[in-house]
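Enquirer: Below is a structure I'd like to ask you about.
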Amino acid sequence: MTMNLKICSVLALCVGLAGCGGGGDSAGPTSSPTPAPAPAPAPAAVVLDPLTSVPAPTYGDARDQAFNRVNEIRRQVGLGLLAQNDRLDLAAQRHADYLAYNYVELSHLQIEGLPGFTGVHAINRATSAGYAAGLSSAPTVDETIIPELPNADLGRTIDYFMAMPYHRIPYLNHANIDIGMGRRLIPGSRADIYVTDFGYHAGRRQGSPATPFVVWPQPNSTIDRLDTPFEIPPPPGRGFAPSIHVDPSRVLKVESFEMRGAGGVLVPATILSTATDPVLLGRPYAVLLSPTSALTAATRYSVRFAGTSNGQPLNYEWSFNTP
């Protein structure tokens with residue numbers, strides 16, 4: 001599905017924490033990112049009703065597939081759709097250009113002084129492109145990067161990201177409302193670099209009052225794999241990891257989170273939350289369950305979560321199937 005290159009995705013909030021995941025060997029050394037400066041406290045956000053329709057994308061290439069699949073997923077789980085944003089398009093395109101100019105690895109960080117530099121972090125590049133211009137508080141920007149062959153189905157690539165527990169988070173962020181994509185040929189190869197930026201800010205974000213939380217995989221769905229694709233940083237387990245997500249303005253606390261397979265047998269797994277997992281630091285709106293081993297084929301699994309959302313009880317149980 002992908003070339004033998006690193007696939008990266010950032011779970012970027014305003015603090016600029018990052019994670020990379022891939023489907024093959026590293027294309028270069030991996031450096032430790034320097035967190036972006038923490039922003040000043042943001043004013044109360046203007047929360048819009050969930051977008052139920054958006055204009056068709058105007059990319060005219062495989063990015064249209066990715067755009068449509070992201071919104072198909074968000075519609076399925078009850079979240080507002082994402083609208084193509086020309087400022088995020090510009091930020092994403094500039095980063096794709098930078099990666100092509102200075103290709104060593106697919107990194108979310110830029111180095112000042114190199115050709116095409118527009119900002120160290122995704123949030124810097126978005127503001128440089130004019131996203132959230134005129135606001136006193138910084139936007140929130142998530143970013144994904146992937147190399148794909150020109151004839152690849154980017155809709156399937158989005159499904160690949162959704163199988164990664166950490167990388168899934170931006171796609172299920174209730175507040176995200178804008179999306180932008182860039183594309184550039186990787187020098188010396190037949191693959192393109194695709195950069196996607198997701199965003200919202202104090203003047204433009206959406207809520208989902210009818211959908212106080214979402215889970216993945218969807219209830220009664222059949223997943224298409226038994227394990228978690230390789231990602232950096234890796235989750236502690238290798239099995240397909242279910243998750244639960246609330247609006248980023250809320251704090252999700254877990255009391256118990258478990259999964260059972262055939263015959264009600266408990267699946268060994270690790271609960272990942274902002275209280276226990278450094279990767280989720282600053283992301284108190286998502287809790288993940290990482291099974292130690294790959295799941296069993298042709299099995300129905302039940303998942304049970306008990307906890308609170310902003311102090312209010314949140315208890316939910318759902319099931320899904322394996323292929």
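Ordering of the structure tokens sets the chain letters (A, B, ...); residue numbers start at 1 within each chain; ligands are numbered from 1 in the order shown.
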For the contact check between region 195-233 of chain A and region 58-77 of chain A, emit one row per residue of region 195-233 of chain A within 9 Å, containing the shortest atom pair and the distance in Å rounded to one decimal, counting only C-alpha atoms, chain then rising number order, as CSV.
Expert:
```
residue,atom,partner,partner_atom,distance
A:Thr211,CA,A:Val77,CA,8.2
A:Val214,CA,A:Val77,CA,6.2
A:Val215,CA,A:Val77,CA,7.7
A:Trp216,CA,A:Val77,CA,8.6
A:Gln218,CA,A:Val77,CA,7.3
```
Enquirer: Only N, CA and C atoms, please: the residues just picked out, written as a PDB file, in the first residue's frame.
Expert:
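Output contents, as saved in result32.pdb:
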```
ATOM      1  N   THR A 211     -23.498  14.355  19.919  1.00  0.00           N
ATOM      2  CA  THR A 211     -22.517  13.273  19.974  1.00  0.00           C
ATOM      3  C   THR A 211     -21.499  13.599  21.056  1.00  0.00           C
ATOM      4  N   VAL A 214     -17.361   9.659  20.955  1.00  0.00           N
ATOM      5  CA  VAL A 214     -17.322   8.706  19.853  1.00  0.00           C
ATOM      6  C   VAL A 214     -16.360   7.592  20.226  1.00  0.00           C
ATOM      7  N   VAL A 215     -16.576   6.416  19.633  1.00  0.00           N
ATOM      8  CA  VAL A 215     -15.696   5.282  19.866  1.00  0.00           C
ATOM      9  C   VAL A 215     -15.204   4.757  18.526  1.00  0.00           C
ATOM     10  N   TRP A 216     -14.044   4.102  18.593  1.00  0.00           N
ATOM     11  CA  TRP A 216     -13.509   3.429  17.419  1.00  0.00           C
ATOM     12  C   TRP A 216     -12.924   2.101  17.846  1.00  0.00           C
ATOM     13  N   GLN A 218     -16.264   1.445  15.224  1.00  0.00           N
ATOM     14  CA  GLN A 218     -17.682   1.694  15.398  1.00  0.00           C
ATOM     15  C   GLN A 218     -18.403   0.438  15.895  1.00  0.00           C
TER      16      GLN A 218
END
```
Enquirer: Mind listing the strand (DSSP E) residues of region 55-150 of chain A, per DSSP on the backbone, as a compact mmCIF listing (two decimals) with all heavy atoms, in the first residue's frame?
Expert:
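Listed below is the output, states-v4.txt:
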```txt
# COMPACT_ATOMS: atom_id res chain seq x y z
N ALA A 83 -14.11 21.31 6.28
CA ALA A 83 -14.16 22.12 5.07
C ALA A 83 -12.76 22.41 4.56
O ALA A 83 -11.85 22.69 5.36
CB ALA A 83 -14.90 23.43 5.34
N GLN A 84 -12.56 22.34 3.25
CA GLN A 84 -11.27 22.70 2.68
C GLN A 84 -10.98 24.16 2.99
O GLN A 84 -11.83 25.04 2.83
CB GLN A 84 -11.28 22.47 1.17
CG GLN A 84 -9.94 22.72 0.50
CD GLN A 84 -9.97 22.42 -0.99
OE1 GLN A 84 -10.94 21.87 -1.52
NE2 GLN A 84 -8.90 22.78 -1.70
N THR A 140 -5.26 25.51 16.92
CA THR A 140 -4.83 24.13 17.14
C THR A 140 -4.70 23.47 15.77
O THR A 140 -5.62 23.55 14.96
CB THR A 140 -5.84 23.36 18.00
OG1 THR A 140 -5.87 23.94 19.31
CG2 THR A 140 -5.46 21.90 18.12
N VAL A 141 -3.56 22.87 15.51
CA VAL A 141 -3.29 22.29 14.19
C VAL A 141 -2.74 20.88 14.36
O VAL A 141 -1.81 20.66 15.14
CB VAL A 141 -2.27 23.14 13.40
CG1 VAL A 141 -1.97 22.50 12.05
CG2 VAL A 141 -2.80 24.56 13.20
N ASP A 142 -3.36 19.93 13.67
CA ASP A 142 -2.87 18.55 13.59
C ASP A 142 -2.31 18.34 12.19
O ASP A 142 -2.78 18.96 11.23
CB ASP A 142 -4.00 17.54 13.81
CG ASP A 142 -4.73 17.72 15.12
OD1 ASP A 142 -4.08 18.14 16.09
OD2 ASP A 142 -5.94 17.43 15.17
N GLU A 143 -1.34 17.45 12.06
CA GLU A 143 -0.72 17.23 10.75
C GLU A 143 -0.43 15.75 10.53
O GLU A 143 -0.01 15.05 11.44
CB GLU A 143 0.57 18.02 10.65
CG GLU A 143 1.28 17.91 9.30
CD GLU A 143 2.51 18.79 9.25
OE1 GLU A 143 3.57 18.33 9.72
OE2 GLU A 143 2.40 19.93 8.74
N THR A 144 -0.66 15.29 9.31
CA THR A 144 -0.23 13.95 8.91
C THR A 144 0.57 14.06 7.62
O THR A 144 0.36 14.96 6.81
CB THR A 144 -1.42 13.00 8.69
OG1 THR A 144 -2.21 13.45 7.59
CG2 THR A 144 -2.29 12.90 9.93
N ILE A 145 1.51 13.14 7.47
CA ILE A 145 2.35 13.09 6.27
C ILE A 145 2.43 11.64 5.83
O ILE A 145 2.61 10.74 6.65
CB ILE A 145 3.78 13.60 6.54
CG1 ILE A 145 3.75 14.99 7.18
CG2 ILE A 145 4.60 13.61 5.26
CD1 ILE A 145 5.13 15.44 7.67
N ILE A 146 2.32 11.42 4.52
CA ILE A 146 2.45 10.06 4.01
C ILE A 146 2.99 10.09 2.59
O ILE A 146 2.64 10.96 1.80
CB ILE A 146 1.09 9.32 4.06
CG1 ILE A 146 1.27 7.82 3.84
CG2 ILE A 146 0.10 9.91 3.07
CD1 ILE A 146 0.05 7.01 4.22
N PRO A 147 3.90 9.15 2.26
CA PRO A 147 4.30 8.99 0.85
C PRO A 147 3.44 7.93 0.19
O PRO A 147 3.21 6.87 0.77
CB PRO A 147 5.76 8.53 0.97
CG PRO A 147 5.79 7.75 2.24
CD PRO A 147 4.74 8.33 3.16
N GLU A 148 2.97 8.20 -1.00
CA GLU A 148 2.15 7.22 -1.71
C GLU A 148 2.46 7.28 -3.21
O GLU A 148 2.85 8.33 -3.74
CB GLU A 148 0.65 7.50 -1.51
CG GLU A 148 0.08 6.98 -0.19
CD GLU A 148 -0.06 5.47 -0.16
OE1 GLU A 148 0.50 4.78 -1.05
OE2 GLU A 148 -0.73 4.97 0.75
```
Enquirer: I need the alpha helix (DSSP H) residues of region 42-261 of chain A per DSSP on the backbone, written as number ranges by chain.
Expert: A: 63-77, 86-101, 122-128, 154-162
Enquirer: Mind pulling up the distance from CA of Pro233 (chain A) to CA of Thr274 (chain A)?
Expert: 14.9 Å
Enquirer: Leu79 (chain A): which residues within 10 Å, counting only C-alpha atoms, same-chain residues fewer than 5 positions away excluded, as a ChimeraX atom specification?
Expert: /A:50-52,71-74,171-177,206-214
Enquirer: For Ser293 (chain A), please output as a PyMOL selection string all residues within 8 Å (counting only C-alpha atoms; exclusion window: fewer than 2 positions along the same chain).
Expert: chain A and resi 227+237-239+268+291+295
Enquirer: Taking C-alpha atoms for each residue, export the selection above as a PDB file, in the first residue's frame.
Expert:
```pdb
ATOM      1  CA  ASP A 227      -2.968  -5.722  14.802  1.00  0.00           C
ATOM      2  CA  GLY A 237       0.741  -3.547  22.669  1.00  0.00           C
ATOM      3  CA  ARG A 238       0.457  -4.892  19.138  1.00  0.00           C
ATOM      4  CA  GLY A 239      -3.272  -5.649  18.965  1.00  0.00           C
ATOM      5  CA  PRO A 268      -4.617  -8.515  28.241  1.00  0.00           C
ATOM      6  CA  PRO A 291      -3.991  -5.156  23.580  1.00  0.00           C
ATOM      7  CA  LEU A 295      -6.530 -10.065  18.099  1.00  0.00           C
TER       8      LEU A 295
END
```
Enquirer: Can you tell me how far CA of Ala286 (chain A) sits from CA of Ser136 (chain A), in Å to one decimal?
Expert: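 So the two atoms, CA of Ala286 (chain A) and CA of Ser136 (chain A), lie 27.0 Å apart.
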Enquirer: Using only C-alpha atoms, can you tell me which of A:Leu314, A:Leu90, A:Met164, A:Leu185 comes closest to Leu288 (chain A)?
Expert: A:Met164
